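Visitor: Below is a structure I'd like to ask you about.
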Amino acid sequence: MGRGKIEIKRIENSTNRQVTFSKRRAGLVKKAREIGVLCDAEVGVVIFSSGGKLYDYCSPRTSLSRILEKYQTNSGKILWDEKHKSLSAEIDRVKKENDNMQIELRHLKGEDLNSLQPTELIAIEEALQNGQTNQRDKLMDHWRMHKRNGKMLEDEHKLLSFRMAYQHQQDVELSGGMRELEIGYHQVQHDRDFTSQMPFTFRVQPSHPNLQEDE
């Protein structure tokens with residue numbers, strides 16, 4: 001028994017609508033891929049969901065922009081306004097400049113020189129010489145800066161060494177003074193201790209030598 005025919009109208013249920021969209025989109029892209037391979041056709045598919053999300057497919061041997069350009073040429077319909085035309089022209093100009101720069105870079109590396117004219121070779125030689133001169137100037141500036149920084153570091157090292165030597169001398173002098181004070185203090189303390197240990201008769205001297213005779 002075959003499936004019933006589905007009425008083509010908007011699906012009201014959001015969940016069912018999303019499921020149907022995913023299945024039909026996958027089937028549409030599959031059919032586009034098959035017709036491109038089987039029939040050697042250029043196929044481009046652009047799909048926007050109800051939420052505005054973009055889905056697209058394009059045959060591997062072409063691009064979507066190329067397909068749209070061919071469509072515009074063959075249908076006579078204008079897809080791009082003047083603003084987009086100028087933007088497209090600017091993109092083409094930038095691409096061309098980039099290609100030329102890539103070619104010049106290969107020439108500067110010494111590649112693909114056989115096809116160049118003598119005047120072009122002379123221009124490349126001058127460009128290399130100018131680049132070499134600029135590089136030499138940059139290296140000299142870097143060397144001068146390095147030398148200047150080295151001199152500054154050397155001066156700072158000498159100043160620091162002088163300060164450390166001066167501080168060491170001050171510490172030695174202060175240590176010597178403290179040592180002398182400590183020795184003097186111990187000497188005085190020793191004299192006091194020695195005096196306190198002497199017999200009383202040796203510590204007290206009569207102020208009048210003839211005091212006993214008078215008695």
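In the structure tokens, the first chain shown is A, the next is B, and so on; residue numbers restart at 1 for each chain, and ligands run from 1 in the order shown.
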What lies within 12 Å of region 36-40 of chain A using only C-alpha atoms, ignoring chain neighbours under 3 positions off, as an mmCIF file with C-alpha atoms, in the first residue's frame?

Guide:
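This is the output file out-v2.cif:
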```cif
data_model
loop_
_atom_site.group_PDB
_atom_site.id
_atom_site.type_symbol
_atom_site.label_atom_id
_atom_site.label_comp_id
_atom_site.auth_asym_id
_atom_site.auth_seq_id
_atom_site.Cartn_x
_atom_site.Cartn_y
_atom_site.Cartn_z
ATOM 1 C CA VAL A 29 21.033 18.855 -2.383
ATOM 2 C CA LYS A 30 21.375 15.161 -3.143
ATOM 3 C CA LYS A 31 19.457 15.550 -6.412
ATOM 4 C CA ALA A 32 21.555 18.588 -7.346
ATOM 5 C CA ARG A 33 24.759 16.636 -6.757
ATOM 6 C CA VAL A 43 24.447 23.330 -10.499
ATOM 7 C CA GLY A 44 24.044 25.860 -7.734
ATOM 8 C CA VAL A 45 21.469 25.701 -4.933
ATOM 9 C CA TYR A 57 25.569 23.804 -2.694
ATOM 10 C CA CYS A 58 27.648 24.260 -5.823
ATOM 11 C CA SER A 59 29.186 21.897 -8.317
ATOM 12 C CA PRO A 60 32.850 21.180 -7.476
ATOM 13 C CA ARG A 61 34.215 22.515 -10.799
ATOM 14 C CA THR A 62 32.612 25.945 -10.529
#
```

Visitor: Return as a Markdown table the residues of region 34-81 of chain A lying at most 12 Å from region 6-20 of chain A, together with the closest atom-to-atom pair for each and the distance in Å to one decimal, counting only C-alpha atoms, with rows in chain order and ascending residue number.

Guide:
```
| residue | atom | partner | partner_atom | distance |
| --- | --- | --- | --- | --- |
| A:Ser49 | CA | A:Gln18 | CA | 9.0 |
| A:Ser50 | CA | A:Gln18 | CA | 9.1 |
| A:Gly51 | CA | A:Gln18 | CA | 10.3 |
```

Visitor: Enumerate the residues of region 17-55 of chain A with a DSSP assignment of strand (DSSP E), computed from the backbone, and present them as a VMD selection string.

Guide: chain A and resid 44 to 48 54 to 55

Visitor: What would the file look like if the residues just selected were written as a compact mmCIF listing (two decimals), in the first residue's frame with C-alpha atoms?

Guide:
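Wrote it out as result-v6.txt, contents follow:
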```
# COMPACT_ATOMS: atom_id res chain seq x y z
CA GLY A 44 24.04 25.86 -7.73
CA VAL A 45 21.47 25.70 -4.93
CA VAL A 46 20.79 28.42 -2.35
CA ILE A 47 18.34 27.80 0.48
CA PHE A 48 17.33 30.05 3.36
CA LEU A 54 21.79 29.94 4.73
CA TYR A 55 22.35 26.56 3.09
```

Visitor: Compare A:Leu128, A:Leu87, A:Asp56, A:Ser75 by their minimum atom-to-atom distance to Arg25 (chain A), counting only C-alpha atoms, and give me the closest one.

Guide: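 Result for the nearest residue to Arg25 (chain A): A:Asp56.
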
Visitor: Quick one: pick out all helix (DSSP H, G or I) residues within region 46-179 of chain A from a backbone DSSP run and write them as a count of residues only.

Guide: 101

Visitor: Rounded to one decimal in Å, what is the spacing between CA of Lys158 (chain A) and CA of Val172 (chain A)?

Guide: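 Those two atoms sit 20.9 Å apart.
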